[in-house]
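Each remark here refers to the structure printed beneath this line.
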Amino acid sequence: MTAPQQDTAALTAAVAAPATRPATRVATRHWVLAGTVLVAMVLPLIFQGFVVFQLTQVMIYGLAILGLNLLTGFNGQFSVGHGAFYGLGAYVTAILMQRYGLPYYWTLPCSAVVCFIVGFLFGLPALRLQGLYLALVTFAAAVALPQLLKFHGFEGWTGGVQGIVVDQPDAPAFLHIDADQWLYYFTLAVVLLMFAGAANLVKSRTGRAMMAIRDHEIAAAAMGINAPLYKTLTFGLSALYTGVAGSLGALAVQFVAPDSFSLFLSINFLVGLILGGIGSLPGCLFGGLFVLYVPNIAAEVSRGLAGLIYGVIMLLVIFVMPSGAAGFARLAVAYLSRSRHR
Amino acid sequence: MELLLQQVMAGLANGAIYAGMALSVVMIFLAIDHLNFAQGEMATFSAYVAWQLIDWGIPYWVAFVAVVILSFAGGVAIERVLFKPLHKATIFSQLVAFIALFSILNSADGYIWDYTIKTFPTPFGTRPLFGSDLIDAHEAGMIVVTAVLLGFLYLFFRGTRLGLAMRAAAHNPESARLVGIRVGWMTALGWGIAAAIGGIAGMLIAPVVFLDPNMMFGVLLYGFAGAVMGGLTSPGGAVLGGFAVGVIENLAGTYIPYVGRDLKLTIALLVIVAVLMIRPAGVFGRSSVSRV
C-alpha cells in the first residue's frame with residue numbers, strides 16, 4: 001500500500017501553496033474574496049425562488065465538501081461515507097425542530113456537537129485502517145445509514161420511510177425578504193463563518209500538524225505530533241462540518257427521508273471534492289457548483305442519457321484539470337503572471 | 001438444525017454470487033492496486049450483451065463464450081483508452097474516472113436495453129438438487145463455476161510465466177520493468193481478465209436477481225465487503241470472504257431477533273468492520289510492509 005501514500009505526497013507537492021507569497025498577491029486575494037462575498041450578497045436580490053434555493057444548495061454542498069476536504073485534503077484520510085454525516089446532521093435538525101420544538105438556529109450547534117462526537121468515535125477504528133480498508137468502513141456507514149433510519153425501532157424519532165417534513169424558517173419581519181432569501185443569507189453567514197474557521201485552522205499549529213500527518217505519518221509522529229489524537233480529532237471536525245451542512249440542507253429542502261442520504265450522496269461529495277481541488281478551500285465551492293448543476297445540465301441535454309453525459313463531463317474535467325479546479329486556477333495564475341513579467 | 005442448515009445453504013448460494021464478484025474485484029486490485037467502482041456496471045453490461053445474443057437466437061454456451069471474449073476485449077479497451085492516460089494521475093483522479101465509468105455504463109444499459117426488468121436464462125435449470133429444497137441446480141452450478149474459475153486463476157498465477165509477470169508488474173512496477181516485463185500491457189491484461197470474470201459473474205447472477213441496469217449495485221457492495229474481509233491480495237480469501245458474507249447475512253437475518261431482518265446488511269457490514277479491526281489486512285491478506 002505504498003502507492004496511495006506516494007500519490008498523496010506528490011499531490012501535496014502539487015497542491016501546496018507557495019510558502020512565501022508576495023504582498024501584492026495577498027492583497028489581490030483579499031479583493032477577490034471581498035468581491036465574491038459582495039456578489040454572493042447581491043445574488044438573491046437579482047434572482048428569485050428556485051434559483052435562490054439552488055444557490056443555497058451550492059453553498060451547503062460546498063460546506064459538506066469542505067468537511068470532507070479537511071479529512072482527505074488536509075489529513076490524508078479517506079472517506080466514501082460522508083453522506084452519512086450529512087444525513088445525521090439533517091436528521092438531528094429535523095428531529096429537534098419537529099419533535100422537540102427547538103428553534104432552527106439552535107439545532108445547528110446541537111448537530112455540530114452530535115456529529116463531532118460520532119465522527120470522533122468513528123475515527124477510532126479508522127486509526128487502525130488505511131486507504132482502501134478505511135474507505136470500506138466509511139462506505140459501510142454510508143450504506144448502513146438509510147437502513148438504520150428506516151428501521152422500525154426508531155420510527156418514533158425518524159418517521160421511518162416517510163421521513164420528516166421540516167418547517168421552513170421565516171425571515172424576521174423587519175427585513176422584508178421572503179423565506180428563501182432569508183435562508184440563503186442565513187446559510188451564507190454560517191458558511192462564511194465556517195470557511196473562515198477552516199482557513200484559520202489550516203494555518204494554525206493544529207492545521208500544520210494535520211498536514212504533517214498527511215504527508216508522512218511516521219515522520220510527523222517522530223516530531224512529537226500525537227498522530228492518533230489529531231487524526232480522530234480531524235475526523236470529528238470533518239463530521240462536524242459536513243453535519244452542519246446537512247442541518248442547513250434539511251432546512252433548505254424542508255424534508256428529510258432515508259433515501260436522500262444514500263451512497264450516491266457520498267459519492268457526489270467525493271466527486272465535488274476531487275473536481276474542486278483537494279486541499280483547496282475555495283475549490284469546495286466549485287465542487288458544490290459542479291455536483292449541483294452538472295447533473296441537471298446533463299439531464300436537460302438528454303433525459304435518457306443523463307448519466308452518460310454526466311460521466312463524460314466528469315472524464316473531460318479530470319483530463320483537462322487533473323488537480324481539480326483549484327490546481328487549474330493556480331496553474332493559470334502562474335502562467336499569466338509569468339507572461340506578464342516577460 | 002434443519003433451519004440452520006437451510007439458512008447456511010441459502011447463504012452459500014447468495015455467497016456464490018458475492019464470491020464471483022469478489023474474485024473479479026481482487027483480480028483488478030492485483031492488476032492495478034485500486035478497487036474498481038465500475039466493476040459491477042461492467043459485469044451488468046456484459047450480462048446485457050449476453051441477453052441480446054441469446055435473444056437473437058444464439059445458443060447459450062456460444063453466447064457465453066462470446067461474451068467472455070468480448071468482455072475481455074472490452075476490459076483491455078477501457079484500460080487502453082481511459083486509464084492508461086491517467087496512470088500517472090493521482091488516485092483521486094482515477095477514482096473520479098471510475099465513478100464516471102460507472103455512470104456512463106449504467107446510463108448506457110438503460111438507454112440501449114431500457115429499464116424494464118428482464119429474465120435471464122440459466123444453463124443449469126432450477127430444479128431442486130438432491131431431492132430437497134436446500135439448494136437448486138442453478139445455485140449449485142454457480143458454486144461449481146466459481147470454484148472452477150478460482151482453480152484456473154490459481155494455476156494461471158502460480159503456474160504460468162504470464163501469471164508470474166502480472167504479479168510482478170502489480171507488486172513492483174519499476175523492478176518488473178527493469179527485468180523486461182511490459183508493465184502497461186500486464187495492467188491491460190489484468191483489466192481484461194477482471195472484466196471477463198465480471199462478465200461470467202454477471203451472467204450467473206442475472207437469472208437470480210433478474211437483469212436490470214442496477215442489478216449489480218447491491219452485489220458489488222457485498223463483493224467489495226467479501227474481498228476486503230478475505231484480503232484484497234488473496235483470490236482464495238476473496239472467494240471465502242464472499243461466501244462468508246452471504247452466510248453471515250442470512251444467519252443474522254434469521255437468528256438475531258427484532259433487528260435481524262431489517263438490518264441484515266448493516267449487521268453484515270459491522271461483522272466485516274469487526275474482522276478488519278482484528279486483522280486490518282483481511283483474514284487471508286498479507287499486510288504490506290513498506291520502507292520509509
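Ordering of the C-alpha cells sets the chain letters (A, B, ...), residue numbers begin anew at 1 in every chain, and ligands are numbered from 1 in the order given.
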
Original post:
Which chain B residues are at most 7 Å from chain A (counting only C-alpha atoms), as a list of chain:residue names?
Top reply: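 Those within range of chain A come out as B:Ala89, B:Thr90, B:Ile91, B:Phe92, B:Ser93, B:Val96, B:Ala97, B:Ala100, B:Leu101, B:Ser103, B:Ile104, B:Ser107, B:Ala108, B:Tyr111, B:Asp262, B:Leu263, B:Thr266, B:Leu269, B:Val273, B:Met277, B:Pro280, B:Ser288, B:Ser290.
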
Original post:
Residues of stretch 14-230 of chain B in alpha helix (DSSP H) according to DSSP, as an NGL selection string?
Top reply: :B and (14-32 or 39-55 or 60-78 or 91-113 or 137-159 or 161-171 or 173-178 or 183-209 or 215-230)

Can you pull out every residue within 8 Å of A:Phe269, counting only C-alpha atoms, but drop anything in the same chain fewer than 6 positions away, and send it as an mmCIF file with C-alpha atoms, in the first residue's frame?
```cif
data_model
loop_
_atom_site.group_PDB
_atom_site.id
_atom_site.type_symbol
_atom_site.label_atom_id
_atom_site.label_comp_id
_atom_site.auth_asym_id
_atom_site.auth_seq_id
_atom_site.Cartn_x
_atom_site.Cartn_y
_atom_site.Cartn_z
ATOM 1 C CA TYR A 61 -22.761 21.183 -0.701
ATOM 2 C CA ALA A 64 -20.170 19.485 3.176
ATOM 3 C CA ILE A 65 -17.306 19.093 0.721
ATOM 4 C CA LEU A 68 -14.564 16.047 3.564
ATOM 5 C CA HIS A 82 -19.597 11.456 4.339
ATOM 6 C CA GLY A 83 -23.185 11.383 3.161
ATOM 7 C CA GLY A 287 -17.212 21.267 -6.249
ATOM 8 C CA VAL A 291 -22.325 18.390 -8.307
#
```

Residues at most 6 Å from stretch 134-145 of chain B, counting only C-alpha atoms, excluding those fewer than 5 positions away in the same chain, as an mmCIF file with N, CA and C atoms, in the first residue's frame?
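What landed in part.cif:
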```cif
data_model
loop_
_atom_site.group_PDB
_atom_site.id
_atom_site.type_symbol
_atom_site.label_atom_id
_atom_site.label_comp_id
_atom_site.auth_asym_id
_atom_site.auth_seq_id
_atom_site.Cartn_x
_atom_site.Cartn_y
_atom_site.Cartn_z
ATOM 1 N N GLN B 6 -30.596 -24.996 6.393
ATOM 2 C CA GLN B 6 -31.263 -24.340 5.286
ATOM 3 C C GLN B 6 -30.703 -22.925 5.074
ATOM 4 N N ALA B 13 -25.499 -20.053 -1.284
ATOM 5 C CA ALA B 13 -25.955 -19.770 -2.645
ATOM 6 C C ALA B 13 -25.793 -18.282 -2.968
ATOM 7 N N ALA B 16 -22.167 -17.407 -3.298
ATOM 8 C CA ALA B 16 -21.503 -17.723 -4.563
ATOM 9 C C ALA B 16 -21.515 -16.506 -5.476
ATOM 10 N N PHE B 124 -28.313 -24.257 -16.124
ATOM 11 C CA PHE B 124 -28.321 -25.396 -15.202
ATOM 12 C C PHE B 124 -29.729 -25.860 -14.840
ATOM 13 N N GLY B 125 -30.734 -25.046 -15.157
ATOM 14 C CA GLY B 125 -32.071 -25.379 -14.715
ATOM 15 C C GLY B 125 -32.281 -24.951 -13.279
ATOM 16 N N THR B 126 -33.532 -25.015 -12.820
ATOM 17 C CA THR B 126 -33.801 -24.535 -11.466
ATOM 18 C C THR B 126 -34.424 -25.604 -10.594
ATOM 19 N N ARG B 127 -34.342 -26.878 -11.045
ATOM 20 C CA ARG B 127 -34.985 -27.897 -10.211
ATOM 21 C C ARG B 127 -34.157 -28.115 -8.934
ATOM 22 N N PRO B 128 -34.841 -28.521 -7.870
ATOM 23 C CA PRO B 128 -34.123 -28.733 -6.611
ATOM 24 C C PRO B 128 -33.103 -29.854 -6.749
ATOM 25 N N LEU B 129 -32.058 -29.736 -6.016
ATOM 26 C CA LEU B 129 -30.985 -30.702 -6.110
ATOM 27 C C LEU B 129 -31.044 -31.650 -4.915
#
```

**OP:** Grab the atom CA of A:Pro258 to atom CA of A:Gly87 distance for me, in Å with one decimal place.
**Re:**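 Computed distance, atom CA of A:Pro258 to atom CA of A:Gly87, equals 8.0 Å.
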
**OP:** Please provide as a list of chain:residue names all residues within 8 Å of stretch 35-49 of chain A, with the sequence filter that same-chain residues fewer than 5 positions apart are discarded (counting only C-alpha atoms).
**Re:**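 Here the answer would be A:Asp180, A:Gln181, A:Tyr184, A:Tyr185, A:Leu188.
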
Quick one: write out the picked residues with C-alpha atoms as a PDB file, in the first residue's frame?
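See part_28.pdb below for the written result:
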```
ATOM      1  CA  ASP A 180     -35.955  31.536   0.501  1.00  0.00           C
ATOM      2  CA  GLN A 181     -33.868  34.684   0.569  1.00  0.00           C
ATOM      3  CA  TYR A 184     -29.906  31.997   1.686  1.00  0.00           C
ATOM      4  CA  TYR A 185     -28.468  34.757   3.873  1.00  0.00           C
ATOM      5  CA  LEU A 188     -24.247  32.381   3.665  1.00  0.00           C
TER       6      LEU A 188
END
```

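Here atom CA of B:Pro257 stands at a distance of 17.3 Å from atom CA of B:Val8.
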
Subject >> Test item: residues at most 12 Å from B:Ala238, only C-alpha atoms, excluding those fewer than 6 positions along its chain, as a PyMOL selection string >> reply: chain B and resi 15-27+29-30+146-147+150+222-232+244-245+281-285

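Atom to atom, atom CA of A:Ser79 and atom CA of B:Phe217 stand 18.9 Å apart.
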
**OP:** Mind checking which residues fall within 12 Å of A:Val166, counting only C-alpha atoms, ignoring those fewer than 2 positions away in the same chain, and posting them as a VMD selection string?
**Re:** chain A and resid 90 to 99 101 to 104 159 163 to 164 168 to 169 247 to 257

**OP:** Using backbone DSSP assignments, extract all strand (DSSP E or B) residues from stretch 85-288 of chain A; output them as a list in words.
**Re:**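 Listing strand (DSSP E or B) positions across stretch 85-288 of chain A yields Ile164, Val165, Phe255 and Val256 of chain A.
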